[in-house]
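Engineer: Provided herewith: query.txt, compact mmCIF, C-alpha atoms.
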```txt
# COMPACT_ATOMS: atom_id res chain seq x y z
CA MET A 267 94.90 121.02 123.47
CA THR A 268 92.44 122.42 125.91
CA GLU A 269 92.20 125.59 127.92
CA TYR A 270 91.08 123.40 130.79
CA LEU A 271 94.45 121.83 131.63
CA ASN A 272 97.97 123.11 131.95
CA THR A 273 99.65 119.90 130.82
CA HIS A 274 103.09 121.24 131.69
CA ASN A 275 102.06 121.16 135.31
CA ALA A 276 102.47 117.38 135.47
CA SER A 277 104.48 115.17 137.75
CA LEU A 278 104.79 111.58 138.92
CA LEU A 279 102.79 111.58 142.12
CA LEU A 280 103.40 108.08 143.43
CA SER A 281 103.78 104.43 142.53
CA ALA A 282 101.42 101.93 144.11
CA ALA A 283 101.37 98.16 144.44
CA ASN A 284 97.87 97.92 145.89
CA LYS A 285 94.76 99.73 147.07
CA SER A 286 96.24 100.99 150.30
CA HIS A 287 98.75 103.08 148.35
CA TYR A 288 96.31 104.74 145.94
CA PRO A 289 95.78 108.51 146.32
CA GLN A 290 92.86 109.13 148.68
CA ASP A 291 90.79 111.79 146.96
CA ASP A 292 88.26 112.05 144.16
CA LEU A 293 90.33 113.35 141.25
CA PRO A 294 89.30 111.61 138.01
CA GLU A 295 91.75 109.08 136.63
CA ILE A 296 92.45 107.75 133.15
CA ALA A 297 94.36 104.47 133.06
CA LEU A 298 96.75 103.54 130.27
CA ALA A 299 97.16 99.89 129.42
CA GLY A 300 99.09 98.09 126.74
CA ARG A 301 101.70 95.48 126.23
CA SER A 302 105.32 96.21 126.99
CA ASN A 303 106.99 98.39 124.35
CA VAL A 304 103.71 99.43 122.66
CA GLY A 305 104.79 103.04 123.25
CA LYS A 306 102.87 103.82 126.43
CA SER A 307 105.54 106.09 127.93
CA SER A 308 105.94 107.91 124.61
CA PHE A 309 102.16 108.38 124.48
CA ILE A 310 102.13 109.93 127.97
CA ASN A 311 105.13 112.15 127.21
CA THR A 312 103.63 113.33 123.90
CA LEU A 313 100.28 114.16 125.49
CA LEU A 314 102.00 116.10 128.26
CA GLY A 315 104.51 117.76 125.95
CA ARG A 316 107.39 116.41 128.03
CA LYS A 317 110.51 114.61 126.93
CA ASN A 318 110.79 112.00 129.66
CA LEU A 319 108.28 112.40 132.42
CA ALA A 320 107.31 108.78 131.84
CA ARG A 321 110.49 106.79 131.53
CA THR A 322 110.85 105.02 128.23
CA SER A 323 112.94 101.94 128.72
CA SER A 324 114.85 99.80 126.31
CA LYS A 325 114.06 96.94 128.69
CA PRO A 326 110.35 96.19 128.29
CA GLY A 327 108.51 95.20 131.44
CA LYS A 328 110.20 97.79 133.61
CA THR A 329 107.04 99.41 134.98
CA GLN A 330 106.09 97.03 137.77
CA LEU A 331 103.81 99.26 139.78
CA LEU A 332 100.84 101.50 139.04
CA ASN A 333 102.34 104.92 138.37
CA PHE A 334 100.04 107.84 139.17
CA TYR A 335 100.78 111.09 137.30
CA ASN A 336 99.19 114.28 138.58
CA ILE A 337 98.17 116.67 135.80
CA ASP A 338 97.44 120.22 136.93
CA ASP A 339 95.67 118.89 140.07
CA LYS A 340 92.64 118.20 137.86
CA LEU A 341 93.31 114.78 136.43
CA ARG A 342 95.59 111.79 136.84
CA PHE A 343 97.04 109.38 134.34
CA VAL A 344 97.60 105.93 135.77
CA ASP A 345 100.22 103.93 133.93
CA VAL A 346 99.63 100.23 134.52
CA PRO A 347 102.43 97.68 134.03
CA GLY A 348 102.94 96.57 130.45
CA TYR A 349 101.62 93.07 129.96
CA GLY A 350 102.71 90.15 127.85
CA TYR A 351 106.42 90.43 128.43
CA ALA A 352 108.03 87.01 128.27
CA LYS A 353 111.12 87.56 130.43
CA VAL A 354 109.00 87.97 133.54
CA SER A 355 108.30 84.84 135.60
CA LYS A 356 104.80 83.38 135.60
CA SER A 357 104.26 84.22 139.27
CA GLU A 358 105.42 87.80 138.70
CA ARG A 359 103.04 88.12 135.77
CA ALA A 360 100.16 86.73 137.83
CA LYS A 361 100.97 89.29 140.53
CA TRP A 362 100.86 92.14 137.99
CA GLY A 363 97.60 90.80 136.58
CA LYS A 364 96.02 90.86 140.03
CA MET A 365 97.30 94.35 140.71
CA ILE A 366 95.94 95.67 137.40
CA GLU A 367 92.62 93.90 137.87
CA GLU A 368 92.20 95.20 141.43
CA TYR A 369 92.74 98.75 140.23
CA LEU A 370 90.50 98.53 137.16
CA VAL A 371 87.61 96.84 138.91
CA SER A 372 87.59 98.61 142.27
CA ARG A 373 88.76 102.18 141.62
CA ASP A 374 85.92 104.71 141.79
CA ASN A 375 88.12 107.50 140.38
CA LEU A 376 88.62 105.61 137.13
CA ARG A 377 86.78 107.26 134.22
CA ALA A 378 88.16 105.36 131.23
CA VAL A 379 91.04 103.22 130.02
CA VAL A 380 93.22 104.09 127.07
CA SER A 381 94.05 100.70 125.60
CA LEU A 382 97.16 100.96 123.42
CA VAL A 383 97.78 98.55 120.56
CA ASP A 384 100.58 98.53 118.00
CA PHE A 385 99.16 99.78 114.69
CA ARG A 386 101.67 97.68 112.73
CA HIS A 387 100.48 94.32 114.01
CA ASP A 388 97.34 92.39 114.77
CA PRO A 389 96.38 92.70 118.45
CA SER A 390 98.01 90.06 120.65
CA ALA A 391 96.01 87.61 122.76
CA ASP A 392 96.73 89.91 125.73
CA ASP A 393 95.41 92.94 123.85
CA ILE A 394 92.20 91.09 123.01
CA GLN A 395 91.84 89.87 126.59
CA MET A 396 92.30 93.41 127.94
CA TYR A 397 89.66 94.80 125.58
CA GLU A 398 87.21 92.00 126.46
CA PHE A 399 87.88 92.54 130.16
CA LEU A 400 87.08 96.26 129.90
CA LYS A 401 83.92 95.57 127.91
CA TYR A 402 82.84 92.93 130.42
CA TYR A 403 83.19 95.35 133.34
CA GLU A 404 81.63 98.15 131.28
CA ILE A 405 84.67 100.37 131.72
CA PRO A 406 84.80 103.05 129.01
CA VAL A 407 87.68 102.32 126.63
CA ILE A 408 89.56 104.39 124.07
CA VAL A 409 91.64 102.27 121.71
CA VAL A 410 94.82 104.04 120.59
CA ALA A 411 96.85 102.47 117.79
CA THR A 412 100.47 103.60 118.22
CA LYS A 413 103.45 103.87 115.86
CA ALA A 414 101.30 105.02 112.93
CA ASP A 415 104.32 106.79 111.42
CA LYS A 416 105.74 103.34 110.61
CA ILE A 417 102.83 102.55 108.26
CA PRO A 418 102.29 104.30 104.90
CA ARG A 419 99.04 106.27 105.02
CA GLY A 420 97.66 104.32 102.07
CA LYS A 421 97.61 101.20 104.28
CA TRP A 422 96.00 102.76 107.35
CA ASN A 423 92.48 101.60 106.51
CA LYS A 424 93.63 98.04 106.05
CA HIS A 425 95.45 98.01 109.41
CA GLU A 426 92.56 99.67 111.21
CA SER A 427 90.06 97.13 109.85
CA ALA A 428 92.32 94.22 110.79
CA ILE A 429 92.72 95.46 114.37
CA LYS A 430 89.01 96.18 114.80
CA LYS A 431 88.08 92.78 113.46
CA LYS A 432 90.47 90.97 115.80
CA LEU A 433 89.26 92.94 118.83
CA ASN A 434 85.63 92.46 117.84
CA PHE A 435 85.57 96.23 118.19
CA ASP A 436 82.46 97.97 119.50
CA LYS A 437 81.57 100.80 117.09
CA THR A 438 80.55 103.03 119.98
CA ASP A 439 84.14 103.08 121.29
CA LYS A 440 86.77 105.56 120.11
CA PHE A 441 89.56 104.33 117.84
CA ILE A 442 92.49 106.74 117.44
CA ILE A 443 95.46 106.39 115.13
CA PHE A 444 98.47 107.83 116.94
CA SER A 445 102.15 108.61 116.46
CA SER A 446 104.41 110.14 119.09
CA VAL A 447 106.89 110.93 116.29
CA ASP A 448 104.69 113.25 114.20
CA ARG A 449 101.97 113.79 116.85
CA THR A 450 99.21 112.30 114.70
CA GLY A 451 96.10 111.80 116.89
CA LEU A 452 97.31 114.08 119.68
CA ASP A 453 94.31 116.43 119.76
CA GLU A 454 91.89 113.61 119.15
CA SER A 455 93.36 111.69 122.11
CA TRP A 456 92.94 114.69 124.42
CA ASP A 457 89.40 115.34 123.20
CA SER A 458 88.42 111.72 123.87
CA ILE A 459 90.03 111.72 127.31
CA LEU A 460 88.40 114.99 128.38
CA GLU A 461 85.02 113.77 127.16
CA GLU A 462 85.23 110.95 129.71
CA LEU A 463 85.78 113.36 132.60
```
Can the structure from this file be put into structure tokens for me?
Structural biologist:
Amino acid sequence: MTEYLNTHNASLLLSAANKSHYPQDDLPEIALAGRSNVGKSSFINTLLGRKNLARTSSKPGKTQLLNFYNIDDKLRFVDVPGYGYAKVSKSERAKWGKMIEEYLVSRDNLRAVVSLVDFRHDPSADDIQMYEFLKYYEIPVIVVATKADKIPRGKWNKHESAIKKKLNFDKTDKFIIFSSVDRTGLDESWDSILEEL
């Protein structure tokens, strides 16, 4: 962890549905995107050393707004709604998509997106689409593969190669293997995030 940030000084600032609700200042923001139940809330909580600042839910698809977390008045994490959850109606999903797209494309504060994928599985069509979208708009992306504790270390290379191949991964991007259980990749995640600021 860095001397730069007191991560314990973190709180949920606000939840926004559109531009007019975003915080009006120039603090840098890092967005976190991933499909429902990829472990986004656990990732945020692990990075901030908090048990449940970001609510982990047994019901995927619960985050329906952009949640802005203030970290030490120096940085914000922006948790975007988990995508690819089937129990949400098509129109609701389209609405989320628009909201996410509006934020990612138009937000000047945005420095990078942490794109979370499940290390155990090949990236979903939504994961691939998100990565392609970020590359298309030239938004810096850090790919974080979660739930690494569920895979024996001897198989990590195989899983990493499979994910990179599916994403058509750009070698200049960061790829971090992460586990909120044993904190694998914690320092590396912070280093990559702070580099983008």
Engineer: So which residues touch Tyr403 (chain A) within 12 Å, counting only C-alpha atoms, skipping near sequence neighbours fewer than 2 positions away, as a tab-separated table (two decimals) with C-alpha atoms, in the frame of the given file?
Structural biologist:
```tsv
chain	number	residue	atom	x	y	z
A	367	GLU	CA	92.62	93.90	137.87
A	370	LEU	CA	90.50	98.53	137.16
A	371	VAL	CA	87.61	96.84	138.91
A	372	SER	CA	87.59	98.61	142.27
A	378	ALA	CA	88.16	105.36	131.23
A	379	VAL	CA	91.04	103.22	130.02
A	396	MET	CA	92.30	93.41	127.94
A	397	TYR	CA	89.66	94.80	125.58
A	398	GLU	CA	87.21	92.00	126.46
A	399	PHE	CA	87.88	92.54	130.16
A	400	LEU	CA	87.08	96.26	129.90
A	401	LYS	CA	83.92	95.57	127.91
A	405	ILE	CA	84.67	100.37	131.72
A	406	PRO	CA	84.80	103.05	129.01
A	407	VAL	CA	87.68	102.32	126.63
```
Engineer: Hey, which of A:Leu341, A:Leu331, A:Leu298, A:Leu463 ends up closest to Leu271 (chain A)? Count only C-alpha atoms.
Structural biologist: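 The answer is A:Leu341, which sits nearest to Leu271 (chain A).
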Engineer: Within 12 Å of (96.1, 96.5, 108.4) in the file's own coordinates, which protein, DNA or RNA residues have an atom, counting only C-alpha atoms? List them as a list of chain:residue names.
Structural biologist: A:Asp384, A:Phe385, A:Arg386, A:His387, A:Asp388, A:Pro389, A:Ala411, A:Ala414, A:Ile417, A:Pro418, A:Arg419, A:Gly420, A:Lys421, A:Trp422, A:Asn423, A:Lys424, A:His425, A:Glu426, A:Ser427, A:Ala428, A:Ile429, A:Lys430, A:Lys431, A:Lys432, A:Ile443
Engineer: Identify, on the basis of only C-alpha atoms, every residue whose closest approach to region 445-459 of chain A does not exceed 7 Å; exclude the query and any residue fewer than 5 positions from it along the same chain; express the result as a PDB file with C-alpha atoms, keeping the file's coordinate frame.
Structural biologist:
```
ATOM      1  CA  MET A 267      94.900 121.020 123.470  1.00  0.00           C
ATOM      2  CA  SER A 308     105.940 107.910 124.610  1.00  0.00           C
ATOM      3  CA  PHE A 309     102.160 108.380 124.480  1.00  0.00           C
ATOM      4  CA  THR A 312     103.630 113.330 123.900  1.00  0.00           C
ATOM      5  CA  LEU A 313     100.280 114.160 125.490  1.00  0.00           C
ATOM      6  CA  THR A 412     100.470 103.600 118.220  1.00  0.00           C
ATOM      7  CA  LYS A 413     103.450 103.870 115.860  1.00  0.00           C
ATOM      8  CA  ALA A 414     101.300 105.020 112.930  1.00  0.00           C
ATOM      9  CA  ASP A 415     104.320 106.790 111.420  1.00  0.00           C
TER      10      ASP A 415
END
```
Engineer: For region 315-322 of chain A, find every residue with an atom within 10 Å (counting all atoms listed in the file), except residues of its own chain fewer than 4 positions away, and show them as an mmCIF file with C-alpha atoms, in the frame of the given file.
Structural biologist:
```
data_model
loop_
_atom_site.group_PDB
_atom_site.id
_atom_site.type_symbol
_atom_site.label_atom_id
_atom_site.label_comp_id
_atom_site.auth_asym_id
_atom_site.auth_seq_id
_atom_site.Cartn_x
_atom_site.Cartn_y
_atom_site.Cartn_z
ATOM 1 C CA THR A 273 99.650 119.900 130.820
ATOM 2 C CA HIS A 274 103.090 121.240 131.690
ATOM 3 C CA ALA A 276 102.470 117.380 135.470
ATOM 4 C CA SER A 277 104.480 115.170 137.750
ATOM 5 C CA LEU A 278 104.790 111.580 138.920
ATOM 6 C CA ASN A 303 106.990 98.390 124.350
ATOM 7 C CA GLY A 305 104.790 103.040 123.250
ATOM 8 C CA LYS A 306 102.870 103.820 126.430
ATOM 9 C CA SER A 307 105.540 106.090 127.930
ATOM 10 C CA SER A 308 105.940 107.910 124.610
ATOM 11 C CA PHE A 309 102.160 108.380 124.480
ATOM 12 C CA ILE A 310 102.130 109.930 127.970
ATOM 13 C CA ASN A 311 105.130 112.150 127.210
ATOM 14 C CA PRO A 326 110.350 96.190 128.290
ATOM 15 C CA LYS A 328 110.200 97.790 133.610
ATOM 16 C CA THR A 329 107.040 99.410 134.980
ATOM 17 C CA ASN A 333 102.340 104.920 138.370
ATOM 18 C CA TYR A 335 100.780 111.090 137.300
ATOM 19 C CA ASP A 345 100.220 103.930 133.930
#
```
Engineer: Counting only C-alpha atoms, what is within 12 Å of Pro347 (chain A), bar same-chain residues fewer than 6 positions away, as a PyMOL selection string?
Structural biologist: chain A and resi 281-283+297-304+306-307+326-334+354+358-367+369
Engineer: Rounded to one decimal place, report the CA of Asn275 (chain A)-CA of Lys340 (chain A) distance in Å.
Structural biologist: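 Rounded to one decimal, the two atoms are 10.2 Å apart.
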Engineer: Just the number, please: distance in Å from CA of Phe441 (chain A) to CA of Leu382 (chain A), one decimal.
Structural biologist: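 Taking CA of Phe441 (chain A) as the start and CA of Leu382 (chain A) as the end point, the length is 10.0 Å.
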Engineer: For Asp292 (chain A), which residue out of A:Leu460, A:Leu376, A:Ala391, A:Ile442 is the nearest one, using all atoms listed in the file?
Structural biologist: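 Result for the nearest residue to Asp292 (chain A): A:Leu376.
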Engineer: Give me, please, the distance in Å between CA of Asn336 (chain A) and CA of Asp393 (chain A), quoted to one decimal.
Structural biologist: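 Atom-to-atom, CA of Asn336 (chain A) and CA of Asp393 (chain A) are spaced 26.2 Å apart.
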Engineer: For Gln290 (chain A), which residue out of A:Gln395, A:Thr438, A:Ser381, A:Asn375 is the nearest one, using only C-alpha atoms?
Structural biologist: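 For Gln290 (chain A), the nearest of the given residues is A:Asn375.
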Engineer: With all atoms of region 285-302 of chain A from the file as input, state the centre and edge lengths in Å to one decimal of the axis-aligned box that has 6 Å extra on each side, as AutoDock Vina command-line options.
Structural biologist:
```
--center_x 96.8 --center_y 104.4 --center_z 138.3 --size_x 29.1 --size_y 29.9 --size_z 36.1
```
